[in-house]
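> Contents are compact mmCIF, C-alpha atoms; file name protein-v4.txt:
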# COMPACT_ATOMS: atom_id res chain seq x y z
CA MET A 1 111.64 -20.75 -122.41
CA LEU A 2 111.09 -23.93 -120.52
CA THR A 3 113.73 -26.59 -120.48
CA THR A 4 113.19 -30.28 -120.26
CA LEU A 5 115.39 -31.53 -117.47
CA THR A 6 115.53 -35.27 -117.39
CA LEU A 7 116.72 -37.19 -114.37
CA ARG A 8 119.95 -37.97 -116.16
CA GLY A 9 120.48 -34.31 -116.89
CA PHE A 10 119.91 -33.40 -113.26
CA LEU A 11 122.37 -36.08 -112.16
CA LEU A 12 124.91 -34.73 -114.62
CA ILE A 13 124.71 -31.30 -113.03
CA ILE A 14 125.02 -32.75 -109.53
CA PHE A 15 127.92 -34.93 -110.64
CA SER A 16 129.77 -32.05 -112.24
CA PHE A 17 129.51 -30.04 -109.02
CA PHE A 18 130.61 -33.05 -106.98
CA ILE A 19 133.74 -33.41 -109.10
CA ALA A 20 134.35 -29.68 -108.82
CA PHE A 21 134.22 -29.96 -105.00
CA ILE A 22 136.59 -32.89 -105.01
CA LEU A 23 139.05 -31.04 -107.22
CA SER A 24 138.84 -28.06 -104.88
CA ILE A 25 140.20 -30.00 -101.92
CA VAL A 26 142.68 -32.41 -103.47
CA PRO A 27 145.91 -31.64 -101.60
CA LEU A 28 148.59 -30.03 -103.75
CA SER A 29 151.98 -28.53 -103.05
CA ASN A 30 152.33 -24.94 -101.91
CA TRP A 31 152.55 -23.66 -105.46
CA GLY A 32 149.72 -25.94 -106.48
CA ASP A 33 147.54 -24.41 -103.81
CA LEU A 34 148.12 -20.92 -105.17
CA LEU A 35 147.60 -21.93 -108.78
CA ARG A 36 144.52 -24.04 -108.13
CA PRO A 37 141.69 -22.97 -110.45
CA GLN A 38 138.35 -22.09 -108.90
CA TRP A 39 136.58 -25.22 -110.02
CA VAL A 40 133.26 -24.65 -108.29
CA ALA A 41 132.97 -21.10 -109.62
CA LEU A 42 133.82 -22.22 -113.15
CA VAL A 43 131.29 -25.04 -113.20
CA LEU A 44 128.70 -22.71 -111.70
CA ILE A 45 129.31 -20.10 -114.40
CA TYR A 46 128.85 -22.75 -117.07
CA TRP A 47 125.56 -24.04 -115.72
CA VAL A 48 124.18 -20.54 -115.13
CA ILE A 49 124.96 -19.63 -118.73
CA ALA A 50 123.54 -22.89 -120.04
CA LEU A 51 120.45 -23.19 -117.83
CA PRO A 52 119.77 -19.78 -116.28
CA HIS A 53 116.29 -20.76 -115.12
CA GLN A 54 117.37 -23.97 -113.45
CA VAL A 55 120.67 -23.02 -111.89
CA GLY A 56 120.54 -19.59 -110.34
CA LEU A 57 121.29 -17.55 -107.27
CA LEU A 58 119.83 -20.00 -104.76
CA THR A 59 121.94 -22.86 -106.10
CA ALA A 60 124.97 -20.60 -105.95
CA PHE A 61 124.24 -19.73 -102.33
CA ILE A 62 123.85 -23.35 -101.27
CA LEU A 63 127.03 -24.33 -103.09
CA GLY A 64 128.79 -21.47 -101.39
CA LEU A 65 127.69 -22.71 -97.96
CA LEU A 66 129.03 -26.18 -98.76
CA LEU A 67 132.30 -24.64 -99.91
CA ASP A 68 132.47 -22.68 -96.64
CA ALA A 69 132.04 -25.91 -94.71
CA LEU A 70 134.78 -27.57 -96.78
CA TYR A 71 137.24 -24.73 -96.36
CA GLY A 72 136.36 -23.90 -92.77
CA SER A 73 135.93 -20.22 -93.60
CA LEU A 74 133.32 -17.97 -92.09
CA LEU A 75 129.83 -19.17 -93.01
CA GLY A 76 128.56 -17.15 -95.93
CA GLU A 77 131.90 -15.93 -97.24
CA HIS A 78 132.06 -18.18 -100.27
CA ALA A 79 128.26 -18.16 -100.47
CA LEU A 80 128.24 -14.41 -100.98
CA ALA A 81 131.07 -14.53 -103.51
CA LEU A 82 129.51 -17.35 -105.54
CA THR A 83 126.13 -15.63 -105.51
CA LEU A 84 127.74 -12.52 -106.92
CA VAL A 85 129.40 -14.54 -109.67
CA ALA A 86 126.09 -16.24 -110.48
CA TYR A 87 124.41 -12.85 -110.64
CA PHE A 88 126.88 -11.56 -113.20
CA ALA A 89 126.71 -14.76 -115.20
CA GLU A 90 122.95 -14.60 -115.28
CA ARG A 91 122.93 -10.97 -116.37
CA LEU A 92 125.31 -11.74 -119.21
CA HIS A 93 124.16 -15.20 -120.16
CA ARG A 94 122.74 -14.26 -123.52
CA GLN A 95 125.86 -12.40 -124.60
CA MET A 96 128.15 -15.08 -123.20
CA ARG A 97 126.51 -17.71 -125.36
CA MET A 98 127.18 -15.66 -128.48
CA PHE A 99 130.82 -14.94 -127.69
CA PRO A 100 133.62 -16.89 -129.27
CA LEU A 101 135.55 -19.01 -126.77
CA LEU A 102 138.38 -16.55 -126.30
CA GLN A 103 136.06 -13.70 -125.45
CA GLN A 104 134.14 -15.97 -123.10
CA ALA A 105 137.39 -16.81 -121.37
CA VAL A 106 138.17 -13.14 -120.80
CA ALA A 107 134.70 -12.58 -119.34
CA VAL A 108 135.28 -15.59 -117.09
CA LEU A 109 138.62 -14.11 -116.01
CA ILE A 110 136.93 -10.92 -114.92
CA MET A 111 134.23 -12.81 -113.03
CA ILE A 112 136.75 -15.00 -111.22
CA MET A 113 138.81 -11.98 -110.32
CA ILE A 114 135.74 -10.35 -108.79
CA TYR A 115 135.09 -13.61 -106.91
CA GLN A 116 138.61 -13.70 -105.50
CA ALA A 117 138.60 -10.01 -104.75
CA LEU A 118 135.49 -10.45 -102.63
CA LEU A 119 136.99 -13.40 -100.75
CA ILE A 120 140.22 -11.50 -100.10
CA TRP A 121 138.29 -8.43 -99.00
CA VAL A 122 136.27 -10.39 -96.45
CA GLN A 123 139.34 -12.12 -95.11
CA GLY A 124 141.18 -8.85 -94.98
CA ILE A 125 138.40 -7.39 -92.82
CA LEU A 126 138.67 -10.38 -90.52
CA GLY A 127 142.39 -9.81 -90.25
CA GLU A 128 143.27 -13.27 -91.52
CA LEU A 129 145.24 -12.36 -94.61
CA SER A 130 148.92 -13.29 -94.90
CA ASN A 131 150.20 -12.80 -98.44
CA VAL A 132 148.13 -12.01 -101.50
CA ARG A 133 150.73 -11.34 -104.15
CA TRP A 134 150.22 -14.52 -106.11
CA LEU A 135 146.50 -15.02 -105.66
CA TRP A 136 145.64 -13.51 -109.03
CA LEU A 137 147.42 -16.42 -110.70
CA SER A 138 144.52 -18.58 -109.67
CA ALA A 139 142.13 -16.44 -111.71
CA LEU A 140 144.50 -16.68 -114.67
CA VAL A 141 144.65 -20.47 -114.47
CA SER A 142 140.86 -20.56 -114.21
CA MET A 143 140.60 -18.51 -117.37
CA LEU A 144 142.97 -20.83 -119.23
CA LEU A 145 140.93 -23.81 -118.12
CA TRP A 146 137.61 -22.34 -119.22
CA PRO A 147 137.51 -23.32 -122.93
CA TRP A 148 138.26 -26.93 -122.13
CA LEU A 149 135.68 -27.03 -119.34
CA TYR A 150 133.06 -25.32 -121.51
CA LEU A 151 133.49 -27.82 -124.33
CA LEU A 152 133.49 -30.76 -121.90
CA LEU A 153 130.32 -29.73 -120.11
CA ARG A 154 128.59 -28.73 -123.34
CA GLY A 155 129.37 -32.16 -124.75
CA GLY A 156 127.90 -33.74 -121.64
CA GLN A 157 124.86 -31.50 -121.81
CA ARG A 158 124.17 -32.45 -125.41
CA LYS A 159 124.70 -36.13 -124.73
CA TYR A 160 122.20 -36.22 -121.89
CA GLY A 161 119.67 -34.17 -123.78
CA ILE A 162 119.30 -31.08 -121.64
CA ILE A 163 118.12 -28.62 -124.18
CA ASN A 164 117.30 -25.00 -123.70
CA MET B 1 128.54 -14.07 -92.01
CA VAL B 2 128.27 -11.44 -89.33
CA LEU B 3 126.04 -13.78 -87.36
CA ASP B 4 128.67 -16.44 -87.49
CA ARG B 5 131.40 -14.17 -86.28
CA ARG B 6 129.74 -12.20 -83.53
CA VAL B 7 127.43 -14.79 -82.13
CA HIS B 8 127.90 -18.51 -81.83
CA TYR B 9 124.33 -19.51 -82.69
CA LEU B 10 125.38 -21.16 -85.89
CA ALA B 11 127.32 -23.99 -84.25
CA SER B 12 124.60 -26.49 -85.11
CA VAL B 13 124.55 -25.28 -88.72
CA HIS B 14 128.31 -25.77 -88.84
CA ARG B 15 127.87 -29.31 -87.54
CA VAL B 16 125.23 -30.19 -90.11
CA LEU B 17 127.26 -28.74 -92.97
CA SER B 18 130.32 -30.53 -91.72
CA ALA B 19 128.44 -33.82 -91.80
CA VAL B 20 127.21 -33.07 -95.32
CA VAL B 21 130.65 -32.35 -96.75
CA ALA B 22 132.41 -35.17 -94.87
CA PRO B 23 131.75 -37.65 -97.71
CA ILE B 24 133.48 -35.31 -100.15
CA GLN B 25 136.47 -35.06 -97.84
CA TYR B 26 136.63 -38.81 -97.45
CA CYS B 27 136.35 -39.23 -101.24
CA VAL B 28 139.54 -37.25 -101.57
CA ASP B 29 141.27 -38.78 -98.59
CA VAL B 30 140.69 -42.49 -99.25
CA PRO B 31 142.36 -42.73 -102.70
CA ILE B 32 145.38 -40.80 -101.48
CA LYS B 33 145.74 -43.02 -98.44
CA LEU B 34 145.31 -46.10 -100.65
CA VAL B 35 148.09 -44.96 -102.94
CA THR B 36 150.48 -44.33 -100.05
CA GLU B 37 149.58 -47.68 -98.50
CA LEU B 38 150.16 -49.38 -101.82
CA GLY B 39 153.55 -47.73 -102.01
CA SER B 40 154.51 -48.99 -98.57
CA SER B 41 153.14 -52.49 -99.12
CA LEU B 42 155.22 -52.86 -102.25
CA SER B 43 158.49 -51.90 -100.58
CA SER B 44 161.13 -54.61 -100.46
CA ARG B 45 161.47 -57.03 -97.58
CA GLN B 46 164.99 -55.72 -96.99
CA THR B 47 163.87 -52.15 -96.32
CA LEU B 48 161.09 -53.40 -94.06
CA LEU B 49 163.51 -55.47 -91.98
CA GLY B 50 165.88 -52.53 -91.69
CA GLU B 51 163.03 -50.20 -90.66
CA ASN B 52 161.83 -52.76 -88.12
CA ALA B 53 165.28 -53.01 -86.53
CA SER B 54 165.75 -49.25 -86.22
CA LEU B 55 162.24 -48.85 -84.75
CA ARG B 56 162.97 -51.49 -82.12
CA VAL B 57 166.13 -49.66 -81.09
CA GLN B 58 164.23 -46.38 -80.90
CA GLN B 59 161.51 -48.00 -78.80
CA LEU B 60 164.09 -49.40 -76.39
CA LEU B 61 165.67 -45.98 -75.90
CA LEU B 62 162.28 -44.35 -75.38
CA GLN B 63 161.22 -46.95 -72.84
CA ALA B 64 164.41 -46.41 -70.89
CA ARG B 65 163.67 -42.67 -70.75
CA LEU B 66 160.10 -43.44 -69.72
CA GLN B 67 161.28 -45.39 -66.69
CA LYS B 68 163.15 -42.34 -65.51
CA LEU B 69 160.07 -40.20 -66.17
CA THR B 70 157.91 -42.29 -63.82
CA ALA B 71 160.46 -41.87 -61.04
CA LEU B 72 160.69 -38.12 -61.67
CA GLU B 73 156.91 -37.78 -61.62
CA GLU B 74 156.69 -39.50 -58.25
CA GLU B 75 159.47 -37.33 -56.83
CA ASN B 76 157.72 -34.22 -58.18
CA ARG B 77 154.45 -35.30 -56.59
CA GLN B 78 156.11 -35.80 -53.21
CA LEU B 79 157.91 -32.46 -53.36
CA ARG B 80 154.71 -30.66 -54.25
CA ALA B 81 152.89 -32.37 -51.40
CA LEU B 82 155.61 -31.19 -49.03
CA LEU B 83 155.04 -27.63 -50.18
CA SER B 84 151.27 -28.11 -49.68
CA SER B 85 150.68 -27.27 -53.29
CA SER B 86 147.30 -28.50 -54.47
CA LYS B 87 148.45 -29.24 -58.01
CA HIS B 88 147.96 -32.71 -59.37
CA LEU B 89 150.01 -34.33 -62.10
CA ALA B 90 147.42 -36.95 -62.94
CA ASN B 91 147.74 -38.52 -66.36
CA ARG B 92 145.51 -37.01 -68.97
CA ARG B 93 143.33 -38.99 -71.34
CA THR B 94 144.81 -38.97 -74.84
CA ALA B 95 143.78 -40.31 -78.21
CA VAL B 96 145.51 -40.59 -81.56
CA ALA B 97 143.88 -39.10 -84.65
CA GLN B 98 144.85 -39.11 -88.28
CA LEU B 99 144.99 -36.13 -90.58
CA LEU B 100 142.70 -36.24 -93.59
CA ALA B 101 144.60 -35.70 -96.82
CA VAL B 102 142.54 -32.72 -97.92
CA ALA B 103 143.61 -29.22 -98.75
CA THR B 104 142.22 -26.23 -96.92
CA ASP B 105 141.99 -22.58 -97.82
CA PRO B 106 145.49 -21.46 -98.80
CA LEU B 107 145.18 -18.29 -96.74
CA VAL B 108 144.67 -20.05 -93.40
CA SER B 109 146.71 -22.70 -91.62
CA GLU B 110 144.31 -25.45 -90.68
CA VAL B 111 144.17 -29.21 -90.91
CA VAL B 112 141.27 -31.65 -90.81
CA LEU B 113 141.18 -34.67 -88.49
CA ASP B 114 139.24 -37.85 -88.95
CA SER B 115 137.77 -37.76 -85.42
CA GLY B 116 134.72 -35.74 -84.55
CA GLN B 117 132.08 -35.47 -81.90
CA THR B 118 131.50 -39.21 -81.95
CA SER B 119 135.05 -39.67 -80.64
CA GLY B 120 134.62 -37.12 -77.88
CA VAL B 121 136.48 -34.26 -79.53
CA TYR B 122 135.43 -30.85 -78.21
CA GLU B 123 135.98 -27.31 -79.35
CA GLY B 124 139.18 -25.79 -78.00
CA GLN B 125 140.87 -29.12 -77.43
CA PRO B 126 144.68 -29.00 -77.69
CA VAL B 127 146.33 -31.07 -80.39
CA LEU B 128 149.92 -32.26 -80.15
CA ASP B 129 152.20 -34.19 -82.41
CA ALA B 130 155.27 -36.26 -81.62
CA SER B 131 157.54 -33.24 -81.14
CA GLY B 132 155.37 -30.50 -79.69
CA ILE B 133 152.13 -28.57 -79.69
CA MET B 134 150.39 -28.30 -83.05
CA GLY B 135 147.31 -26.23 -82.36
CA GLN B 136 143.74 -26.45 -81.11
CA VAL B 137 140.45 -27.76 -82.43
CA ILE B 138 138.20 -24.94 -83.64
CA GLN B 139 135.29 -26.72 -85.29
CA VAL B 140 133.83 -30.08 -84.41
CA GLY B 141 131.56 -32.04 -86.74
CA PRO B 142 130.09 -35.44 -86.13
CA LEU B 143 132.79 -37.23 -88.13
CA THR B 144 135.57 -34.70 -88.69
CA SER B 145 137.05 -31.71 -86.95
CA ARG B 146 139.24 -28.78 -87.91
CA VAL B 147 142.43 -27.85 -86.15
CA LEU B 148 143.90 -24.35 -86.15
CA LEU B 149 147.65 -24.66 -86.42
CA LEU B 150 150.04 -22.49 -84.45
CA THR B 151 151.20 -20.72 -87.59
CA ASP B 152 147.76 -19.29 -88.33
CA LEU B 153 147.31 -15.56 -87.82
CA ARG B 154 144.49 -16.15 -85.35
CA SER B 155 146.47 -18.46 -83.12
CA ALA B 156 148.08 -17.48 -79.81
CA LEU B 157 149.26 -19.36 -76.76
CA SER B 158 150.91 -18.51 -73.48
CA VAL B 159 154.48 -19.78 -73.16
CA GLN B 160 157.39 -19.81 -70.80
CA ASP B 161 161.12 -20.02 -71.46
CA MET B 162 162.39 -23.30 -70.09
CA ARG B 163 165.76 -21.87 -69.14
CA SER B 164 164.96 -18.45 -67.78
CA THR B 165 161.19 -18.71 -67.05
CA VAL B 166 160.47 -15.56 -69.04
CA ARG B 167 156.78 -15.54 -70.01
CA GLY B 168 155.26 -14.34 -73.24
CA LEU B 169 152.74 -15.04 -75.96
CA ILE B 170 153.47 -16.91 -79.14
CA VAL B 171 151.36 -15.88 -82.12
CA GLY B 172 151.26 -17.17 -85.66
CA ARG B 173 152.51 -15.19 -88.62
CA GLY B 174 150.65 -16.90 -91.46
CA GLN B 175 151.35 -19.80 -93.75
CA SER B 176 154.80 -21.38 -93.69
CA GLN B 177 156.39 -18.65 -91.66
CA ASN B 178 157.83 -18.87 -88.21
CA LEU B 179 156.01 -17.91 -85.06
CA ALA B 180 156.54 -14.64 -83.25
CA LEU B 181 157.04 -14.21 -79.53
CA ILE B 182 155.38 -11.01 -78.38
CA ASN B 183 155.04 -9.05 -75.14
CA VAL B 184 158.57 -9.82 -74.05
CA PRO B 185 160.46 -6.69 -72.93
CA GLU B 186 163.78 -5.77 -74.54
CA THR B 187 165.72 -6.44 -71.36
CA ALA B 188 164.34 -9.95 -70.78
CA ASP B 189 166.74 -12.86 -70.60
CA VAL B 190 166.02 -14.64 -73.89
CA LYS B 191 168.77 -16.14 -76.04
CA VAL B 192 168.85 -17.79 -79.45
CA GLY B 193 168.29 -21.51 -79.03
CA ASP B 194 166.04 -21.22 -75.97
CA LEU B 195 163.20 -23.71 -75.85
CA PHE B 196 159.76 -22.29 -75.07
CA THR B 197 157.14 -24.52 -73.50
CA SER B 198 153.45 -23.93 -72.87
CA SER B 199 152.87 -22.35 -69.50
CA GLY B 200 149.29 -23.51 -69.05
CA LEU B 201 148.21 -20.00 -68.07
CA ASP B 202 145.79 -19.68 -70.97
CA GLY B 203 143.74 -22.58 -69.67
CA ARG B 204 143.70 -24.15 -73.12
CA TYR B 205 146.99 -25.93 -73.63
CA PRO B 206 148.46 -28.36 -71.09
CA GLU B 207 151.51 -27.12 -69.25
CA GLY B 208 155.04 -28.08 -70.11
CA TYR B 209 154.82 -29.17 -73.73
CA PRO B 210 157.40 -27.81 -76.19
CA VAL B 211 156.22 -25.09 -78.53
CA GLY B 212 159.30 -23.78 -80.31
CA ILE B 213 162.93 -22.73 -80.28
CA VAL B 214 164.14 -19.16 -80.63
CA LYS B 215 165.60 -18.55 -84.07
CA THR B 216 166.40 -14.84 -84.19
CA ILE B 217 166.13 -11.90 -81.82
CA GLN B 218 165.96 -8.40 -83.21
CA HIS B 219 166.54 -5.55 -80.82
CA THR B 220 164.97 -2.33 -81.99
CA THR B 221 166.72 0.69 -80.55
CA GLY B 222 164.30 2.64 -78.39
CA GLY B 223 161.57 0.04 -78.76
CA GLN B 224 159.85 -1.45 -75.77
CA PHE B 225 159.64 -5.06 -76.99
CA ALA B 226 162.11 -7.24 -78.84
CA ALA B 227 161.09 -8.89 -82.09
CA ILE B 228 161.70 -12.58 -81.52
CA GLU B 229 161.19 -15.28 -84.12
CA ILE B 230 160.44 -18.84 -83.06
CA THR B 231 160.71 -22.05 -85.06
CA PRO B 232 157.91 -24.43 -84.06
CA SER B 233 158.95 -27.78 -82.53
CA ALA B 234 156.06 -29.70 -84.00
CA ARG B 235 156.42 -30.77 -87.59
CA LEU B 236 153.38 -28.80 -88.74
CA ASN B 237 153.76 -29.61 -92.43
CA SER B 238 154.59 -33.30 -92.30
CA SER B 239 152.89 -34.90 -89.28
CA GLN B 240 150.29 -37.45 -90.29
CA GLN B 241 149.16 -38.54 -86.83
CA VAL B 242 148.35 -36.28 -83.95
CA LEU B 243 147.53 -36.64 -80.29
CA LEU B 244 144.34 -35.21 -78.80
CA VAL B 245 144.50 -34.33 -75.11
CA TRP B 246 141.64 -34.11 -72.64
CA PRO B 247 141.74 -31.92 -69.52
CA GLN B 248 142.82 -33.37 -66.21
CA LYS B 249 140.23 -34.47 -63.69
CA LYS B 250 139.67 -31.80 -61.07
CA PRO B 251 141.85 -32.23 -57.96
CA THR B 252 140.08 -33.88 -55.04
CA ILE B 253 141.09 -31.18 -52.56
CA ASP B 254 138.35 -28.57 -52.97
CA VAL B 255 135.35 -30.61 -51.70
CA PRO B 256 133.98 -28.94 -48.58
CA LYS B 257 130.33 -29.47 -49.55
CA ALA B 258 127.77 -31.87 -48.04
CA THR B 259 128.05 -34.52 -50.72
CA PRO B 260 127.08 -38.21 -50.27
CA PRO B 261 129.65 -40.06 -48.13
CA ALA B 262 133.02 -40.23 -49.84
CA LYS B 263 135.08 -43.36 -49.67
CA ASN B 264 137.18 -43.68 -46.55
CA ASN B 265 140.60 -43.34 -48.15
CA GLN B 266 139.60 -40.18 -50.01
CA LYS B 267 138.33 -38.62 -46.78
CA ASN B 268 141.53 -39.54 -45.01
CA LYS B 269 143.61 -37.92 -47.74
CA ILE B 270 141.59 -34.72 -47.51
CA ASN B 271 141.79 -34.60 -43.73
CA LYS B 272 145.49 -35.24 -43.81
CA HIS B 273 146.08 -32.51 -46.35
CA LEU B 274 143.95 -30.01 -44.41
CA ALA B 275 145.83 -30.90 -41.24
CA ASP B 276 149.15 -30.36 -43.00
CA LYS B 277 147.92 -27.07 -44.36
CA ALA B 278 146.74 -25.96 -40.91
CA VAL B 279 150.09 -26.88 -39.40
CA SER B 280 152.03 -24.92 -42.04
CA GLU B 281 149.71 -21.95 -41.60
CA ASN B 282 150.26 -22.01 -37.85
CA ARG B 283 153.98 -22.09 -38.45
CA SER B 284 153.86 -19.05 -40.67
CA ASN B 285 151.64 -17.08 -38.25
Turn the structure described in the file into structure tokens.

Amino acid sequence: MLTTLTLRGFLLIIFSFFIAFILSIVPLSNWGDLLRPQWVALVLIYWVIALPHQVGLLTAFILGLLLDALYGSLLGEHALALTLVAYFAERLHRQMRMFPLLQQAVAVLIMIMIYQALLIWVQGILGELSNVRWLWLSALVSMLLWPWLYLLLRGGQRKYGIIN
Amino acid sequence: MVLDRRVHYLASVHRVLSAVVAPIQYCVDVPIKLVTELGSSLSSRQTLLGENASLRVQQLLLQARLQKLTALEEENRQLRALLSSSKHLANRRTAVAQLLAVATDPLVSEVVLDSGQTSGVYEGQPVLDASGIMGQVIQVGPLTSRVLLLTDLRSALSVQDMRSTVRGLIVGRGQSQNLALINVPETADVKVGDLFTSSGLDGRYPEGYPVGIVKTIQHTTGGQFAAIEITPSARLNSSQQVLLVWPQKKPTIDVPKATPPAKNNQKNKINKHLADKAVSENRSN
């Protein structure tokens, strides 16, 4: 099914990712850092579910490289993790659209946990891991944020006429 | 990923990506700096006058200490010349850089500076703050650069005890934890409260700058090394401005090649030093 992607729609997608990047690096306290939701992954999951033919694995990879540059991690670490998340979202995009919000949120929780698990695994191999006890809280906060983000982006999508 | 780790081909990719994400970093940094500036510009005249007075007093005390430092440097230079040591204490080039108010990966201890390749920053450059060594630059982009702090797990530097000249390595133990001093035998003369300074043996950090103070020493019975915990001197969590240091110019002594004619005074200095060296060698023979 082809989608009509206007210029405004395209800019909306770019803008939502830009805001997600900014929110990823706003400095917070120590606790804030641990509880920070995975904004880029969440926004990516939304757009892959909404527009699976426009936003896919390549977009996820490029976003991951930019995230690597922002965080100073090994090139490809976040790229790989985000691509994996995009793959799962694409496989499940039809079911995800049918789910009620709560069930969607649980699916998002699982995807974000896989994302974090991959990041922790890579950093563990590199020997750069200090303490991981509270890292799962970030996935939890991401899940709690999902319904709000979904409704917000869906509202934006409808307003700018990106239909699928 | 593997390519990035094992082989340093991707340095140019890093630079390009760094330039691409710099606008995002500045987008986060500028509002935060504006808010803090607004806060300070709205403070009362009274507090500003008080701050001004205390800063003047501090400056006076520091300048007095600096006068003594110049005299000590000259004395040191003369003593070294007497011992025919070829070490130079020339002043290094330094520059001040500001930290960008952006967060980094919570699992690593890094900070981002607002100076990059355009300001002459190079990879491996030491970074200091007002109270001690902070870390080294690990990634340089055109506009920004990343600094690895001492507390990061990947960080290590060669240090020396100022009191007892015991040498060791200081490594990081992860976020917001103290540093660890390793490779120091159980029987070494290290006490709580000792100040450790960089020894310069690693070729990265300049010699003689404070790194940390010993906090606890744990002796393990039967172990070969003591477990020593060090509190860093630099204020790694709160410093906003840092100092970048460039390496010293090479000493003028080792120039026995057929280069274009050197200036007269340089040649005289070399000849004089070689003569002194020859005389001391004759004496020892």
> Which centre and edge lengths in Å to one decimal define the box along x, y and z that fits every listed atom of region 104-109 of chain A plus 4 Å per side, as lines of an AutoDock Vina configuration file?

center_x = 136.4
center_y = -14.7
center_z = -119.6
size_x = 12.5
size_y = 12.2
size_z = 15.1
> With only C-alpha atoms as the counted atoms, please give the residues lying no more than 12 Å from Met96 (chain A), apart from itself and same-chain residues fewer than 2 positions off, as a PyMOL selection string.
chain A and resi 45-50+52+88-94+98-108+150
> Would you write out, as a tab-separated table, a table of all residues in chain B that have an atom no more than 8 Å from an atom of chain A, listing for each the closest atom pair and the distance in Å to one decimal, considering all atoms listed in the file and ordering rows by chain and rising residue number?

residue	atom	partner	partner_atom	distance
B:Met1	CA	A:Gly76	CA	5.0
B:Asp4	CA	A:Leu75	CA	6.3
B:Arg5	CA	A:Leu74	CA	7.2
B:His14	CA	A:Ala69	CA	7.0
B:Leu17	CA	A:Ala69	CA	5.8
B:Ser18	CA	A:Ala69	CA	5.8
B:Val20	CA	A:Leu66	CA	7.9
B:Val21	CA	A:Leu70	CA	6.3
B:Ile24	CA	A:Ile22	CA	6.3
B:Gln25	CA	A:Ile22	CA	7.5
B:Cys27	CA	A:Ile22	CA	7.4
B:Val28	CA	A:Val26	CA	6.1
B:Ala101	CA	A:Pro27	CA	6.4
B:Val102	CA	A:Pro27	CA	5.1
B:Ala103	CA	A:Pro27	CA	4.4
B:Thr104	CA	A:Tyr71	CA	5.2
B:Asp105	CA	A:Tyr71	CA	5.4
B:Pro106	CA	A:Asp33	CA	6.2
B:Leu107	CA	A:Leu129	CA	6.3
B:Val108	CA	A:Glu128	CA	7.2
B:Arg146	CA	A:Gly72	CA	7.5
B:Leu153	CA	A:Glu128	CA	5.9
B:Arg154	CA	A:Glu128	CA	6.9
B:Arg173	CA	A:Ser130	CA	7.5
B:Gly174	CA	A:Ser130	CA	5.3
B:Gln175	CA	A:Ser130	CA	7.0
> Would you list the contacts of Asp114 (chain B) as a ChimeraX atom specification, taking every protein, DNA or RNA residue within 9 Å and counting only C-alpha atoms, but skipping same-chain residues closer than 6 positions in sequence?
/B:26,97-100,143-145
> Between CA of Gly155 (chain A) and CA of Leu12 (chain A), what distance in Å does the model show, to one decimal?
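For CA of Gly155 (chain A) relative to CA of Leu12 (chain A), the distance reads 11.4 Å.
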> I'd like the interatomic distance between CA of Pro142 (chain B) and CA of Leu10 (chain B), to a tenth of an Å.
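Between CA of Pro142 (chain B) and CA of Leu10 (chain B) the gap works out to 15.0 Å.
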> Please report the interatomic distance between CA of Ala180 (chain B) and CA of Val147 (chain B) in Å with one decimal.
19.5 Å
